[in-house]
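**Student:** Have a peek at query.txt (compact mmCIF, N, CA and C atoms).
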# COMPACT_ATOMS: atom_id res chain seq x y z
N MET A 144 -1.03 -48.83 70.43
CA MET A 144 -0.53 -49.79 69.49
C MET A 144 0.02 -49.05 68.27
N ASN A 145 1.12 -49.52 67.74
CA ASN A 145 1.74 -48.91 66.57
C ASN A 145 1.47 -49.74 65.33
N TYR A 146 1.21 -49.06 64.22
CA TYR A 146 0.92 -49.70 62.95
C TYR A 146 1.67 -48.99 61.84
N THR A 147 1.98 -49.73 60.78
CA THR A 147 2.56 -49.16 59.57
C THR A 147 1.68 -49.57 58.40
N TYR A 148 1.31 -48.60 57.58
CA TYR A 148 0.49 -48.85 56.40
C TYR A 148 1.27 -48.40 55.18
N HIS A 149 1.41 -49.29 54.19
CA HIS A 149 2.10 -48.95 52.95
C HIS A 149 1.07 -48.45 51.95
N THR A 150 1.23 -47.20 51.54
CA THR A 150 0.25 -46.53 50.70
C THR A 150 0.31 -47.04 49.26
N LYS A 151 -0.75 -46.76 48.52
CA LYS A 151 -0.86 -47.15 47.12
C LYS A 151 -1.39 -45.97 46.31
N GLY A 152 -0.69 -45.62 45.23
CA GLY A 152 -1.19 -44.63 44.28
C GLY A 152 -0.97 -43.19 44.68
N VAL A 153 -0.13 -42.92 45.68
CA VAL A 153 0.14 -41.55 46.11
C VAL A 153 1.64 -41.33 46.26
N CYS A 154 2.02 -40.10 46.51
CA CYS A 154 3.44 -39.74 46.62
C CYS A 154 4.08 -40.27 47.90
N SER A 155 3.33 -40.31 49.00
CA SER A 155 3.90 -40.85 50.24
C SER A 155 4.03 -42.37 50.10
N GLN A 156 5.03 -42.93 50.76
CA GLN A 156 5.26 -44.37 50.67
C GLN A 156 4.62 -45.15 51.81
N LYS A 157 4.56 -44.54 53.00
CA LYS A 157 3.97 -45.25 54.13
C LYS A 157 3.46 -44.26 55.16
N ILE A 158 2.60 -44.80 56.05
CA ILE A 158 2.05 -44.02 57.15
C ILE A 158 2.26 -44.82 58.42
N ASP A 159 2.92 -44.23 59.40
CA ASP A 159 3.09 -44.85 60.71
C ASP A 159 2.08 -44.23 61.66
N LEU A 160 1.36 -45.09 62.36
CA LEU A 160 0.25 -44.66 63.22
C LEU A 160 0.46 -45.17 64.63
N GLU A 161 0.01 -44.36 65.58
CA GLU A 161 -0.09 -44.80 66.97
C GLU A 161 -1.53 -44.59 67.40
N VAL A 162 -2.18 -45.67 67.81
CA VAL A 162 -3.58 -45.64 68.21
C VAL A 162 -3.70 -46.22 69.61
N GLU A 163 -4.49 -45.53 70.43
CA GLU A 163 -4.73 -45.99 71.80
C GLU A 163 -6.21 -45.83 72.12
N ASP A 164 -6.87 -46.93 72.45
CA ASP A 164 -8.29 -46.91 72.81
C ASP A 164 -9.16 -46.19 71.77
N GLY A 165 -8.89 -46.46 70.49
CA GLY A 165 -9.68 -45.88 69.41
C GLY A 165 -9.37 -44.43 69.11
N ILE A 166 -8.33 -43.87 69.73
CA ILE A 166 -7.93 -42.48 69.53
C ILE A 166 -6.60 -42.46 68.78
N LEU A 167 -6.51 -41.61 67.78
CA LEU A 167 -5.28 -41.46 67.01
C LEU A 167 -4.31 -40.58 67.79
N LYS A 168 -3.22 -41.17 68.25
CA LYS A 168 -2.25 -40.45 69.08
C LYS A 168 -1.13 -39.81 68.26
N ASP A 169 -0.74 -40.45 67.16
CA ASP A 169 0.34 -39.90 66.33
C ASP A 169 0.22 -40.44 64.92
N VAL A 170 0.59 -39.60 63.94
CA VAL A 170 0.59 -39.97 62.52
C VAL A 170 1.87 -39.42 61.91
N ARG A 171 2.61 -40.28 61.20
CA ARG A 171 3.82 -39.84 60.50
C ARG A 171 3.81 -40.41 59.09
N PHE A 172 3.84 -39.52 58.10
CA PHE A 172 3.91 -39.91 56.70
C PHE A 172 5.37 -39.94 56.28
N THR A 173 5.72 -40.90 55.43
CA THR A 173 7.05 -40.93 54.80
C THR A 173 6.86 -40.58 53.34
N GLY A 174 7.52 -39.51 52.90
CA GLY A 174 7.35 -39.03 51.53
C GLY A 174 6.14 -38.13 51.42
N GLY A 175 5.84 -37.73 50.21
CA GLY A 175 4.69 -36.87 49.98
C GLY A 175 4.98 -35.40 50.21
N CYS A 176 3.96 -34.60 50.27
CA CYS A 176 4.06 -33.15 50.45
C CYS A 176 4.27 -32.85 51.94
N ASN A 177 5.49 -32.65 52.32
CA ASN A 177 5.91 -32.57 53.71
C ASN A 177 5.05 -31.63 54.56
N GLY A 178 4.91 -30.39 54.17
CA GLY A 178 4.17 -29.42 54.98
C GLY A 178 2.70 -29.78 55.11
N ASN A 179 2.08 -30.16 54.00
CA ASN A 179 0.66 -30.52 54.04
C ASN A 179 0.42 -31.73 54.92
N LEU A 180 1.28 -32.72 54.81
CA LEU A 180 1.07 -33.94 55.59
C LEU A 180 1.37 -33.73 57.07
N LYS A 181 2.31 -32.86 57.38
CA LYS A 181 2.53 -32.51 58.79
C LYS A 181 1.30 -31.81 59.35
N GLY A 182 0.70 -30.94 58.55
CA GLY A 182 -0.51 -30.24 58.98
C GLY A 182 -1.67 -31.19 59.22
N ILE A 183 -1.89 -32.11 58.28
CA ILE A 183 -2.95 -33.10 58.45
C ILE A 183 -2.71 -33.92 59.71
N SER A 184 -1.46 -34.33 59.91
CA SER A 184 -1.11 -35.12 61.09
C SER A 184 -1.47 -34.39 62.37
N GLN A 185 -1.16 -33.11 62.43
CA GLN A 185 -1.47 -32.32 63.63
C GLN A 185 -2.98 -32.17 63.82
N LEU A 186 -3.70 -32.00 62.73
CA LEU A 186 -5.15 -31.80 62.83
C LEU A 186 -5.89 -33.04 63.32
N VAL A 187 -5.41 -34.22 62.98
CA VAL A 187 -6.14 -35.44 63.34
C VAL A 187 -5.70 -36.05 64.67
N LYS A 188 -4.59 -35.59 65.21
CA LYS A 188 -4.14 -36.12 66.51
C LYS A 188 -5.20 -35.88 67.57
N GLY A 189 -5.47 -36.92 68.35
CA GLY A 189 -6.45 -36.81 69.42
C GLY A 189 -7.87 -37.11 69.00
N MET A 190 -8.09 -37.33 67.69
CA MET A 190 -9.43 -37.63 67.20
C MET A 190 -9.72 -39.12 67.27
N LYS A 191 -11.01 -39.46 67.36
CA LYS A 191 -11.43 -40.85 67.25
C LYS A 191 -11.17 -41.31 65.82
N ILE A 192 -10.70 -42.55 65.68
CA ILE A 192 -10.36 -43.01 64.34
C ILE A 192 -11.57 -43.02 63.40
N GLU A 193 -12.76 -43.31 63.92
CA GLU A 193 -13.94 -43.31 63.04
C GLU A 193 -14.27 -41.90 62.54
N ASP A 194 -13.98 -40.87 63.34
CA ASP A 194 -14.20 -39.49 62.90
C ASP A 194 -13.21 -39.09 61.82
N VAL A 195 -11.97 -39.54 61.95
CA VAL A 195 -10.95 -39.25 60.93
C VAL A 195 -11.36 -39.92 59.62
N ILE A 196 -11.79 -41.16 59.70
CA ILE A 196 -12.22 -41.89 58.49
C ILE A 196 -13.36 -41.14 57.81
N LYS A 197 -14.37 -40.73 58.56
CA LYS A 197 -15.51 -40.01 57.98
C LYS A 197 -15.10 -38.73 57.28
N ARG A 198 -14.13 -38.02 57.85
CA ARG A 198 -13.70 -36.74 57.28
C ARG A 198 -12.82 -36.88 56.04
N LEU A 199 -11.97 -37.91 56.02
CA LEU A 199 -10.94 -37.99 54.99
C LEU A 199 -11.22 -39.00 53.88
N GLU A 200 -12.03 -39.99 54.14
CA GLU A 200 -12.28 -41.04 53.16
C GLU A 200 -12.86 -40.45 51.87
N GLY A 201 -12.30 -40.86 50.75
CA GLY A 201 -12.81 -40.42 49.45
C GLY A 201 -12.17 -39.15 48.91
N THR A 202 -11.29 -38.52 49.68
CA THR A 202 -10.58 -37.33 49.20
C THR A 202 -9.66 -37.74 48.07
N SER A 203 -9.70 -37.02 46.95
CA SER A 203 -8.84 -37.37 45.82
C SER A 203 -7.81 -36.29 45.57
N CYS A 204 -6.74 -36.68 44.89
CA CYS A 204 -5.65 -35.77 44.53
C CYS A 204 -5.49 -35.83 43.01
N GLY A 205 -5.90 -34.77 42.34
CA GLY A 205 -5.82 -34.77 40.88
C GLY A 205 -6.64 -35.91 40.30
N MET A 206 -6.04 -36.61 39.37
CA MET A 206 -6.72 -37.71 38.67
C MET A 206 -6.39 -39.07 39.30
N LYS A 207 -5.77 -39.08 40.47
CA LYS A 207 -5.32 -40.34 41.08
C LYS A 207 -6.44 -41.20 41.63
N GLY A 208 -7.57 -40.61 41.99
CA GLY A 208 -8.65 -41.38 42.57
C GLY A 208 -8.45 -41.67 44.05
N THR A 209 -7.34 -41.22 44.60
CA THR A 209 -7.04 -41.35 46.02
C THR A 209 -6.15 -40.17 46.40
N SER A 210 -5.74 -40.12 47.63
CA SER A 210 -4.85 -39.05 48.10
C SER A 210 -4.21 -39.54 49.39
N CYS A 211 -3.28 -38.78 49.90
CA CYS A 211 -2.67 -39.15 51.19
C CYS A 211 -3.72 -39.15 52.31
N PRO A 212 -4.62 -38.15 52.38
CA PRO A 212 -5.67 -38.23 53.40
C PRO A 212 -6.58 -39.46 53.22
N ASP A 213 -6.92 -39.79 51.98
CA ASP A 213 -7.73 -40.98 51.71
C ASP A 213 -6.97 -42.24 52.13
N GLN A 214 -5.67 -42.27 51.88
CA GLN A 214 -4.86 -43.41 52.29
C GLN A 214 -4.80 -43.53 53.82
N LEU A 215 -4.79 -42.39 54.50
CA LEU A 215 -4.84 -42.41 55.96
C LEU A 215 -6.16 -43.05 56.42
N ALA A 216 -7.26 -42.68 55.78
CA ALA A 216 -8.55 -43.28 56.11
C ALA A 216 -8.52 -44.79 55.86
N LYS A 217 -7.92 -45.22 54.76
CA LYS A 217 -7.80 -46.65 54.46
C LYS A 217 -6.96 -47.35 55.51
N ALA A 218 -5.88 -46.71 55.93
CA ALA A 218 -5.01 -47.29 56.96
C ALA A 218 -5.80 -47.48 58.25
N LEU A 219 -6.57 -46.49 58.63
CA LEU A 219 -7.35 -46.57 59.86
C LEU A 219 -8.45 -47.62 59.76
N LYS A 220 -9.07 -47.74 58.58
CA LYS A 220 -10.09 -48.77 58.39
C LYS A 220 -9.48 -50.17 58.51
N SER A 221 -8.24 -50.31 58.07
CA SER A 221 -7.60 -51.63 58.09
C SER A 221 -7.28 -52.09 59.51
N ILE A 222 -7.19 -51.16 60.45
CA ILE A 222 -6.86 -51.55 61.82
C ILE A 222 -8.06 -51.51 62.77
N SER A 223 -9.17 -50.95 62.29
CA SER A 223 -10.33 -50.85 63.20
C SER A 223 -11.29 -52.00 63.02
As structure tokens - that is how I would like this structure written.
**Tutor:**
Amino acid sequence: MNYTYHTKGVCSQKIDLEVEDGILKDVRFTGGCNGNLKGISQLVKGMKIEDVIKRLEGTSCGMKGTSCPDQLAKALKSIS
């Protein structure tokens, strides 16, 4: 199943997700720190969505109180 999540409070504008049977198959960020977000996307591919949430939830970027990884966790929570 494909999902789009519109981020809040970070440099990236949206996250496109592909999830199949509770497994994260693909992640694509629009905007943000290109190299870092490509790396995060590669690292989480093939993981269970609950494991990704546990690892990334609460990660902050500077004084923002959130981050692109935290937004990914929020996106996954919204679909699980």
**Student:** Neighbours of A:Lys191 within 7 Å (only N, CA and C atoms; same-chain residues fewer than 6 positions away dropped), as a list in words?
**Tutor:**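 The neighbour list is Gly165, Ile166 and Leu167 of chain A.
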**Student:** Residues within 6.5 Å of A:Ala218, please, as number ranges by chain. Count all atoms listed in the file; anything in the same chain fewer than 5 positions from it doesn't count.
**Tutor:** A: 148, 213, 223
**Student:** Compile the contact shell of A:Thr150 as a VMD selection string: residues with an atom at most 9 Å away, counting only C-alpha atoms, same-chain residues fewer than 6 positions apart removed.
**Tutor:** chain A and resid 156 to 158 211 214 to 215 217 to 218
**Student:** Can you tell me, as JSON, numbers by chain, which residues in chain A count as strand (DSSP E or B) by DSSP?
**Tutor:** {"A": [145, 146, 147, 148, 149, 155, 156, 157, 158, 159, 160, 161, 162, 163, 166, 167, 168, 169, 170, 171, 172, 173, 174, 191]}
**Student:** Quote the spacing between atom CA of A:Tyr146 and atom CA of A:Gly205 in Å to one decimal place.
**Tutor:**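 Here the two named atoms are 27.5 Å from each other.
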**Student:** At what distance in Å, to one decimal, does atom CA of A:Glu161 lie from atom CA of A:Asn145?
**Tutor:**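 Spanning atom CA of A:Asn145 to atom CA of A:Glu161 is a straight-line distance of 4.5 Å.
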**Student:** Hey, which of A:Gly175, A:Lys168, A:Glu200, A:Cys154 ends up closest to A:Lys188? Count only N, CA and C atoms.
**Tutor:** A:Lys168
**Student:** Which residue is closest to A:Arg198? Choose from A:Gly152, A:Val170, A:Asn179, A:Leu219 and count only C-alpha atoms.
**Tutor:** A:Leu219
**Student:** Grab the atom C of A:Glu193 to atom C of A:Met206 distance for me, in Å with one decimal place.
**Tutor:**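 Separation between atom C of A:Glu193 and atom C of A:Met206: 24.7 Å.
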